[in-house]
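Report on the following structure.
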Amino acid sequence: MGGESLFLLPAAIFLATLALYPFVELLRMSVSDVTVYDIFKAWPFIGASGVTSVASTFDFREAAVNSVIYVLLVVGVGLGGGLAAAITLWHGGRMASFTLAVMVFSWALPALISGIAWRFLLDPRGMVDNLLGQLHVGPIYWLVDGHLPILSVALVNAWTVVPFATLVFRAALLDLPTETLAAAEVDGARPFQALWFIILPLLRPCILVLAVLALVYAFKSFDFIYIMTFGGPGTSSETLPFLSYRLAFQLYQYSQGAAVALITMAVVLVLAVVYTRMVRGEERG
Amino acid sequence: MSASKRSSDGSLERFITPLEQRVSRRDVLKGAAAGAGVLAFGGGISSFLAACGGSSSAPSALGPDTTGTLTVWHYSSQQDVKTVQDYTALFTKKYPKVTVNLQYVEFSVTGQRAIAAAAAKQGPDVFIYGGNEVNAMYQAGVFKDIDSNWQVFADKGQFPDGVITKFNKHVYGVKGYVNLTGLWYNKNILDDVGVQPPKTVDDIEDVFAKIKASPKKYTPIALTGQPTDQGDWTAYPWLTGYGFTYKNPDQTAIQNAFSLVSGWARKGYLPKESVSWGQAETFTRWAQGDVAFMENGNWNIGPAQRTVGSKFQYGTAPLPTGPSNQGIFLGGEALWVGAFTKNPDLAFAYMQETLLSQAGLLITLKESGGIPARHDMAGLPDVTNNPLLAAYTTEVKDHGAEYPPAGGAAIAAQAVIAQNWSAAIAGQKSPSQAAADASSGVKAAYHP
């Protein structure tokens, strides 16, 4: 037993240093009044008032609503697109291999690159509006008008989730029992019926795990918003992680930034617990 | 050189310094106008030519055999870094055995990275920085007090008070040149349409309408609508033109300015996508040749020569004025010595030989259009005979305003203005709503 614990030690030190300690500091900062002047000194304790006051602001409410919209789109479109692509590419072939390779490439692209590329593509003088213009549609101000900025950025982020979801779903599809699918075909099940009544139920564990992973990823997503809109116009595309960044590192309101980050982390933690339970359930079951 | 900005005295230091010890905002403005403004109209060419080889004195222990390494943080992009390299060469010419590492740190993260480095008692020897986070950086202990070096610097009298940043009455940073925004125009378009640059906000509508009505589908104006400090920087002249100040964020004044720009966006005079543009993107859009005007800085003189070349003729004019006394932020990069440098004298010598020297400032003037702040460069032909600089030197004299406002104390208020400026252009908020939010937001956030 002692020997086994020793093997755990590096991981434990790693987690304690890079996860637990920053989390404790974040917690401490969110209940203290920290300014740039005293960030390296003692932090005056203010209790939960910092968290409650920031949670009551318009900026927080707007960012929270945007976060929900963002997460729903990233998860929904990312998983839906991934499943559709996986089914299309299920049986392989040269085209399927080529398409998968391109998808992996786009997935591996840094957010900085794909974010900038999409920013140009979605410009009113960019390729998307040019193509739509051929159909006498537009111009559409994807990153300017109404709720379009947050929707556009979320869809771009979902686009990066699709390749990962495709790879995972395709691996799960290739693992499905062929005799079950053959039996459904013999019994006269149409493709949609086979999908709905056979394939999706069999993929359920995979879908659930992927959904939780995508949910966590989307909820803490920051880079695409920073690159494509910087939370704007105004504050219309700010999500909770971006608001936390802006408060802490743009305005140097460290306590408020920490409070928003803490709330964000609480949501992610809940999702992580759900994920852990699901994985355990699958292992048992 | 995006967001080249002017820092000033540390008036946010009220937490640690009695009010009466601070340099007042009025002093700063007077100093800036007197110094940078005079530079355009005074004399002193002969003394400049005589002393162009560099500064007249160096810290006593230093000489050509001095060895060492200096790390310098800058945020000049690949397009502008040649200027930094060129004036750094002045230093290495005098100190050939000293190695200078120029490290690029993106402008928007310089403050954060400097503060994080200070926590670990690290950081560069020298900062080239002109953003609005100087007060936060000072409070976090990023900068070294250079007062003792400054007091024995032979040329210190050449610099107006407005370009010297003091905290607690001690000198910390000095700006060798100033930058500000003006109105750039595409002369080909103006000649084609038959209009002149507008002088007041009342002239704008007529000029823009004629440009927009042209069958050649010109775009009247490009400017920065980003919800960042670059947006605030761009908005400030229009806001103050209607009577706005950070101390008195009059809602009507803000609404008038927001109505003006949101009207431009609604009528197609200003591309709505400008809400995602920084100053660099604004320049890129204007340089394509179908935009009549842009609000942008004198630091684009070099890039314009390189990018636009002879594609079209261009010029600059003062920004149109409003019914109230307009303010235009005076920017420019200051030099600072890092608090954790092991070679403070050498770091100060770098300042002396580069952006505090006539030769160094001549480089920034020629390559990026930075207006020298030294009194003895005021009548320099490169300044007085440069038609592109004429508009800017006029603006410095008539409208130069402290940047960052109140020594950095307005950082949160500036963010409020930038966000609502962006929202008004995009149509996310009506001008009246954006003005109401901006006015109340500034009142809540401005604590000088």
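Scheme for the structure tokens: letters A, B, ... for chains in order shown; per-chain residue numbers from 1; ligand numbers from 1 in order shown.
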
B:Gly123 environment, 9 Å, only C-alpha atoms, sequence neighbours closer than 3 positions dropped, as a compact mmCIF listing (two decimals) with N, CA and C atoms, in the first residue's frame:
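So the final result, stored in result.txt, reads:
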```txt
# COMPACT_ATOMS: atom_id res chain seq x y z
N THR B 71 17.72 43.93 -21.08
CA THR B 71 16.50 43.41 -21.69
C THR B 71 15.49 44.55 -21.78
N TRP B 73 11.62 45.58 -23.00
CA TRP B 73 10.29 45.17 -23.45
C TRP B 73 9.71 46.26 -24.33
N ARG B 113 1.68 41.31 -17.59
CA ARG B 113 2.92 40.53 -17.51
C ARG B 113 3.96 41.22 -16.63
N ALA B 114 3.97 42.54 -16.71
CA ALA B 114 4.92 43.28 -15.89
C ALA B 114 4.60 43.11 -14.40
N ILE B 115 3.31 43.16 -14.09
CA ILE B 115 2.89 43.00 -12.68
C ILE B 115 3.18 41.58 -12.20
N ALA B 116 2.90 40.60 -13.06
CA ALA B 116 3.18 39.21 -12.69
C ALA B 116 4.68 39.00 -12.49
N ALA B 117 5.47 39.61 -13.36
CA ALA B 117 6.93 39.48 -13.23
C ALA B 117 7.41 40.13 -11.94
N ALA B 118 6.82 41.28 -11.61
CA ALA B 118 7.23 41.99 -10.39
C ALA B 118 6.95 41.15 -9.14
N ALA B 120 7.40 38.10 -8.88
CA ALA B 120 8.54 37.19 -8.74
C ALA B 120 9.85 37.96 -8.67
N VAL B 126 14.44 47.67 -19.05
CA VAL B 126 13.80 48.88 -19.58
C VAL B 126 12.43 48.51 -20.17
N VAL B 142 6.47 47.89 -10.34
CA VAL B 142 7.12 47.46 -11.59
C VAL B 142 8.28 48.39 -11.97
N GLY B 338 13.10 49.18 -15.21
CA GLY B 338 12.46 48.13 -14.42
C GLY B 338 12.97 48.13 -12.99
N ALA B 339 12.07 47.84 -12.06
CA ALA B 339 12.43 47.89 -10.64
C ALA B 339 13.48 46.87 -10.27
N PHE B 340 13.60 45.81 -11.04
CA PHE B 340 14.51 44.73 -10.64
C PHE B 340 15.74 44.63 -11.53
N THR B 341 16.04 45.72 -12.22
CA THR B 341 17.23 45.72 -13.06
C THR B 341 18.49 45.64 -12.18
```

What residues in chain B lie within 10 Å of chain A, counting only C-alpha atoms, written as a ChimeraX atom specification? /B:13,15-16,108-109,111-113,115,118-120,133,135-141,225-229,271-277,410-429,434

Residue subset to file, keeping N, CA and C atoms, as a compact mmCIF listing (two decimals), in the first residue's frame:
```txt
# COMPACT_ATOMS: atom_id res chain seq x y z
N GLU B 13 -2.11 58.22 -7.19
CA GLU B 13 -1.37 57.82 -6.00
C GLU B 13 -1.92 58.45 -4.74
N PHE B 15 -3.68 57.35 -2.64
CA PHE B 15 -3.65 56.42 -1.51
C PHE B 15 -2.35 56.53 -0.72
N ILE B 16 -1.33 57.00 -1.40
CA ILE B 16 -0.03 56.99 -0.74
C ILE B 16 0.62 58.36 -0.70
N SER B 108 -1.46 44.82 -25.20
CA SER B 108 -2.57 44.67 -24.26
C SER B 108 -2.21 43.83 -23.04
N VAL B 109 -1.13 43.07 -23.09
CA VAL B 109 -0.77 42.24 -21.92
C VAL B 109 0.49 42.74 -21.21
N GLY B 111 0.99 45.30 -19.24
CA GLY B 111 0.74 45.62 -17.83
C GLY B 111 0.63 44.37 -16.98
N GLN B 112 -0.18 43.42 -17.45
CA GLN B 112 -0.38 42.18 -16.67
C GLN B 112 0.94 41.43 -16.49
N ARG B 113 1.68 41.31 -17.59
CA ARG B 113 2.92 40.53 -17.51
C ARG B 113 3.96 41.22 -16.63
N ILE B 115 3.31 43.16 -14.09
CA ILE B 115 2.89 43.00 -12.68
C ILE B 115 3.18 41.58 -12.20
N ALA B 118 6.82 41.28 -11.61
CA ALA B 118 7.23 41.99 -10.39
C ALA B 118 6.95 41.15 -9.14
N ALA B 119 5.90 40.34 -9.21
CA ALA B 119 5.58 39.47 -8.08
C ALA B 119 6.72 38.50 -7.80
N ALA B 120 7.40 38.10 -8.88
CA ALA B 120 8.54 37.19 -8.74
C ALA B 120 9.85 37.96 -8.67
N GLU B 133 -2.04 51.79 -18.22
CA GLU B 133 -1.93 50.99 -17.00
C GLU B 133 -0.72 51.38 -16.16
N ASN B 135 -0.31 53.51 -13.88
CA ASN B 135 -0.56 53.69 -12.45
C ASN B 135 -0.61 52.35 -11.72
N ALA B 136 -1.30 51.38 -12.35
CA ALA B 136 -1.36 50.04 -11.76
C ALA B 136 0.04 49.43 -11.70
N MET B 137 0.81 49.64 -12.74
CA MET B 137 2.17 49.07 -12.77
C MET B 137 3.04 49.71 -11.70
N TYR B 138 2.88 51.01 -11.53
CA TYR B 138 3.65 51.69 -10.49
C TYR B 138 3.28 51.15 -9.11
N GLN B 139 1.98 51.04 -8.89
CA GLN B 139 1.53 50.58 -7.57
C GLN B 139 2.01 49.17 -7.27
N ALA B 140 2.14 48.36 -8.33
CA ALA B 140 2.60 46.98 -8.13
C ALA B 140 4.12 46.90 -8.03
N GLY B 141 4.79 48.04 -8.11
CA GLY B 141 6.24 48.04 -7.94
C GLY B 141 7.02 47.62 -9.17
N GLY B 225 -13.84 51.40 -33.33
CA GLY B 225 -15.02 51.27 -32.48
C GLY B 225 -14.91 50.15 -31.47
N GLN B 226 -13.70 49.62 -31.31
CA GLN B 226 -13.47 48.51 -30.37
C GLN B 226 -13.83 48.90 -28.94
N PRO B 227 -14.39 47.95 -28.17
CA PRO B 227 -14.67 48.27 -26.77
C PRO B 227 -13.41 48.17 -25.90
N THR B 228 -12.34 48.78 -26.34
CA THR B 228 -11.07 48.76 -25.61
C THR B 228 -10.59 50.19 -25.40
N ASP B 229 -9.41 50.34 -24.81
CA ASP B 229 -8.90 51.70 -24.60
C ASP B 229 -8.63 52.41 -25.94
N PRO B 271 -18.36 52.07 -41.58
CA PRO B 271 -18.68 50.63 -41.55
C PRO B 271 -18.98 50.17 -40.13
N LYS B 272 -20.09 49.46 -39.98
CA LYS B 272 -20.46 49.03 -38.63
C LYS B 272 -19.44 48.05 -38.04
N GLU B 273 -18.74 47.34 -38.94
CA GLU B 273 -17.77 46.37 -38.45
C GLU B 273 -16.56 47.05 -37.80
N SER B 274 -16.55 48.39 -37.83
CA SER B 274 -15.47 49.11 -37.15
C SER B 274 -15.47 48.83 -35.64
N VAL B 275 -16.58 48.25 -35.14
CA VAL B 275 -16.60 47.91 -33.70
C VAL B 275 -15.59 46.82 -33.36
N SER B 276 -15.09 46.13 -34.38
CA SER B 276 -14.06 45.12 -34.10
C SER B 276 -12.68 45.61 -34.53
N TRP B 277 -12.58 46.82 -34.97
CA TRP B 277 -11.29 47.34 -35.42
C TRP B 277 -10.52 48.02 -34.30
N ALA B 410 -8.53 56.82 -14.33
CA ALA B 410 -9.82 56.71 -15.02
C ALA B 410 -9.95 55.41 -15.79
N ILE B 411 -9.13 54.43 -15.49
CA ILE B 411 -9.08 53.24 -16.33
C ILE B 411 -10.44 52.53 -16.43
N ALA B 412 -11.16 52.43 -15.31
CA ALA B 412 -12.47 51.78 -15.36
C ALA B 412 -13.49 52.66 -16.08
N ALA B 413 -13.37 53.98 -15.87
CA ALA B 413 -14.28 54.91 -16.55
C ALA B 413 -14.03 54.90 -18.05
N GLN B 414 -12.77 54.78 -18.44
CA GLN B 414 -12.45 54.70 -19.86
C GLN B 414 -13.08 53.45 -20.49
N ALA B 415 -13.08 52.36 -19.74
CA ALA B 415 -13.67 51.12 -20.25
C ALA B 415 -15.16 51.30 -20.48
N VAL B 416 -15.81 52.01 -19.57
CA VAL B 416 -17.25 52.27 -19.72
C VAL B 416 -17.52 53.07 -21.00
N ILE B 417 -16.71 54.08 -21.22
CA ILE B 417 -16.88 54.90 -22.43
C ILE B 417 -16.67 54.05 -23.68
N ALA B 418 -15.60 53.26 -23.67
CA ALA B 418 -15.28 52.46 -24.86
C ALA B 418 -16.40 51.46 -25.17
N GLN B 419 -16.94 50.84 -24.12
CA GLN B 419 -18.01 49.86 -24.35
C GLN B 419 -19.26 50.51 -24.93
N ASN B 420 -19.60 51.66 -24.42
CA ASN B 420 -20.82 52.31 -24.91
C ASN B 420 -20.61 52.97 -26.27
N TRP B 421 -19.41 53.44 -26.53
CA TRP B 421 -19.04 53.93 -27.86
C TRP B 421 -19.25 52.80 -28.88
N SER B 422 -18.72 51.63 -28.54
CA SER B 422 -18.83 50.45 -29.40
C SER B 422 -20.30 50.06 -29.59
N ALA B 423 -21.04 50.04 -28.49
CA ALA B 423 -22.45 49.65 -28.57
C ALA B 423 -23.28 50.63 -29.39
N ALA B 424 -22.94 51.92 -29.29
CA ALA B 424 -23.69 52.94 -30.05
C ALA B 424 -23.41 52.80 -31.54
N ILE B 425 -22.18 52.55 -31.91
CA ILE B 425 -21.84 52.39 -33.34
C ILE B 425 -22.52 51.15 -33.91
N ALA B 426 -22.50 50.06 -33.13
CA ALA B 426 -23.08 48.80 -33.61
C ALA B 426 -24.60 48.85 -33.65
N GLY B 427 -25.19 49.81 -32.93
CA GLY B 427 -26.64 49.84 -32.83
C GLY B 427 -27.15 48.90 -31.76
N GLN B 428 -26.25 48.38 -30.93
CA GLN B 428 -26.67 47.52 -29.81
C GLN B 428 -27.46 48.33 -28.79
N LYS B 429 -27.11 49.62 -28.70
CA LYS B 429 -27.85 50.52 -27.81
C LYS B 429 -28.19 51.78 -28.59
N ALA B 434 -27.06 54.48 -24.57
CA ALA B 434 -25.60 54.37 -24.40
C ALA B 434 -25.06 55.55 -23.60
```

Could you please determine the separation between atom CA of B:Ile128 and atom CA of B:Ser77 in Å, to one decimal place?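 Result for atom CA of B:Ile128 versus atom CA of B:Ser77: 12.9 Å, one decimal.
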
All residues 9 Å or closer to stretch 197-203 of chain A, only C-alpha atoms, same chain fewer than 3 positions away omitted, as a list of chain:residue names: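 Non-adjacent residues within range: A:Phe169, A:Ala172, A:Leu173, A:Leu176, A:Thr180, A:Leu181, A:Ala184, A:Phe192, A:Gln193, A:Ala194, A:Cys206, A:Ile207, A:Leu208.
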
All alpha helix (DSSP H) residues (DSSP, backbone) inside stretch 238-271 of chain A, as an NGL selection string: :A and (240-245 or 254-271)

List as a list of chain:residue names the protein and nucleic acid residues near stretch 81-86 of chain B, meaning an atom at most 10 Å away when only C-alpha atoms are counted, but skip any in the same chain fewer than 5 places from it.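 Listing them by chain and then by number gives B:Met1, B:His74, B:Tyr75, B:Ser76, B:Phe91, B:Val100, B:Leu102, B:Tyr104, B:Ile128, B:Gly302, B:Thr354, B:Leu355, B:Gly360, B:Ile363, B:Thr364, B:Leu365, B:Lys366, B:Glu367, B:Ser368.
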
Residues from last step as file, C-alpha atoms, as a tab-separated table (two decimals), in the first residue's frame:
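The new file again_17.tsv reads:
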```
chain	number	residue	atom	x	y	z
B	1	MET	CA	2.41	51.27	-33.54
B	74	HIS	CA	8.52	46.80	-26.37
B	75	TYR	CA	5.29	46.22	-28.29
B	76	SER	CA	6.26	47.43	-31.73
B	91	PHE	CA	23.00	52.93	-27.69
B	100	VAL	CA	20.48	44.53	-25.84
B	102	LEU	CA	14.61	43.50	-27.51
B	104	TYR	CA	8.27	41.83	-27.92
B	128	ILE	CA	9.03	51.11	-23.69
B	302	GLY	CA	5.76	55.73	-41.75
B	354	THR	CA	17.61	56.47	-27.50
B	355	LEU	CA	14.30	58.24	-26.96
B	360	GLY	CA	16.89	58.85	-31.38
B	363	ILE	CA	14.63	58.31	-36.01
B	364	THR	CA	11.14	58.07	-34.52
B	365	LEU	CA	10.15	61.26	-36.31
B	366	LYS	CA	11.33	60.03	-39.70
B	367	GLU	CA	10.24	56.43	-39.40
B	368	SER	CA	6.99	56.67	-37.50
```

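Our summary of the geometry notes that atom CA of B:Thr234 is positioned 18.4 Å from atom CA of B:Gln251.
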
List every residue of stretch 235-343 of chain B that DSSP, applied to the backbone of this structure, assigns to strand (DSSP E), and report them as a list of chain:residue names.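 Output for stretch 235-343 of chain B, strand (DSSP E) only: B:Val291, B:Ala292, B:Phe293, B:Met294, B:Glu295, B:Asn296, B:Gly297, B:Tyr314, B:Gly315, B:Thr316, B:Ala317, B:Ile328, B:Phe329, B:Ala334, B:Leu335, B:Trp336, B:Val337.
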
Atom CA of A:Val24 to atom CA of A:Gly47: how many Å, to one decimal?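 Atom-to-atom, atom CA of A:Val24 to atom CA of A:Gly47, that is 14.5 Å.
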
A:Ala165 surroundings by only C-alpha atoms, 9 Å radius, close-in-sequence under 4 positions cut, as a PDB file with C-alpha atoms, in the first residue's frame:
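The resulting around.pdb:
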```pdb
ATOM      1  CA  GLY A  78     -20.757  20.404 -31.804  1.00  0.00           C
ATOM      2  CA  LEU A  79     -22.264  17.053 -30.860  1.00  0.00           C
ATOM      3  CA  GLY A  80     -24.990  17.083 -33.505  1.00  0.00           C
ATOM      4  CA  GLY A  81     -22.483  17.956 -36.214  1.00  0.00           C
ATOM      5  CA  GLY A  82     -20.023  15.423 -34.874  1.00  0.00           C
ATOM      6  CA  LEU A  83     -22.602  12.640 -34.879  1.00  0.00           C
ATOM      7  CA  ALA A  85     -20.208  13.587 -39.660  1.00  0.00           C
ATOM      8  CA  ALA A  86     -19.346  10.329 -37.904  1.00  0.00           C
ATOM      9  CA  VAL A 161     -15.780  20.743 -31.378  1.00  0.00           C
ATOM     10  CA  PHE A 169     -18.446   9.013 -32.281  1.00  0.00           C
ATOM     11  CA  ARG A 170     -16.834   7.221 -35.225  1.00  0.00           C
ATOM     12  CA  LEU A 210     -18.948  13.691 -24.723  1.00  0.00           C
ATOM     13  CA  ALA A 214     -18.130  19.639 -24.388  1.00  0.00           C
TER      14      ALA A 214
END
```

Point out the residue among A:Gly115, A:Gly126, A:Pro44, A:Pro163 with the least atom-to-atom distance to A:Val102, counting only C-alpha atoms.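 The shortest atom-to-atom distance to A:Val102 comes from A:Pro163.
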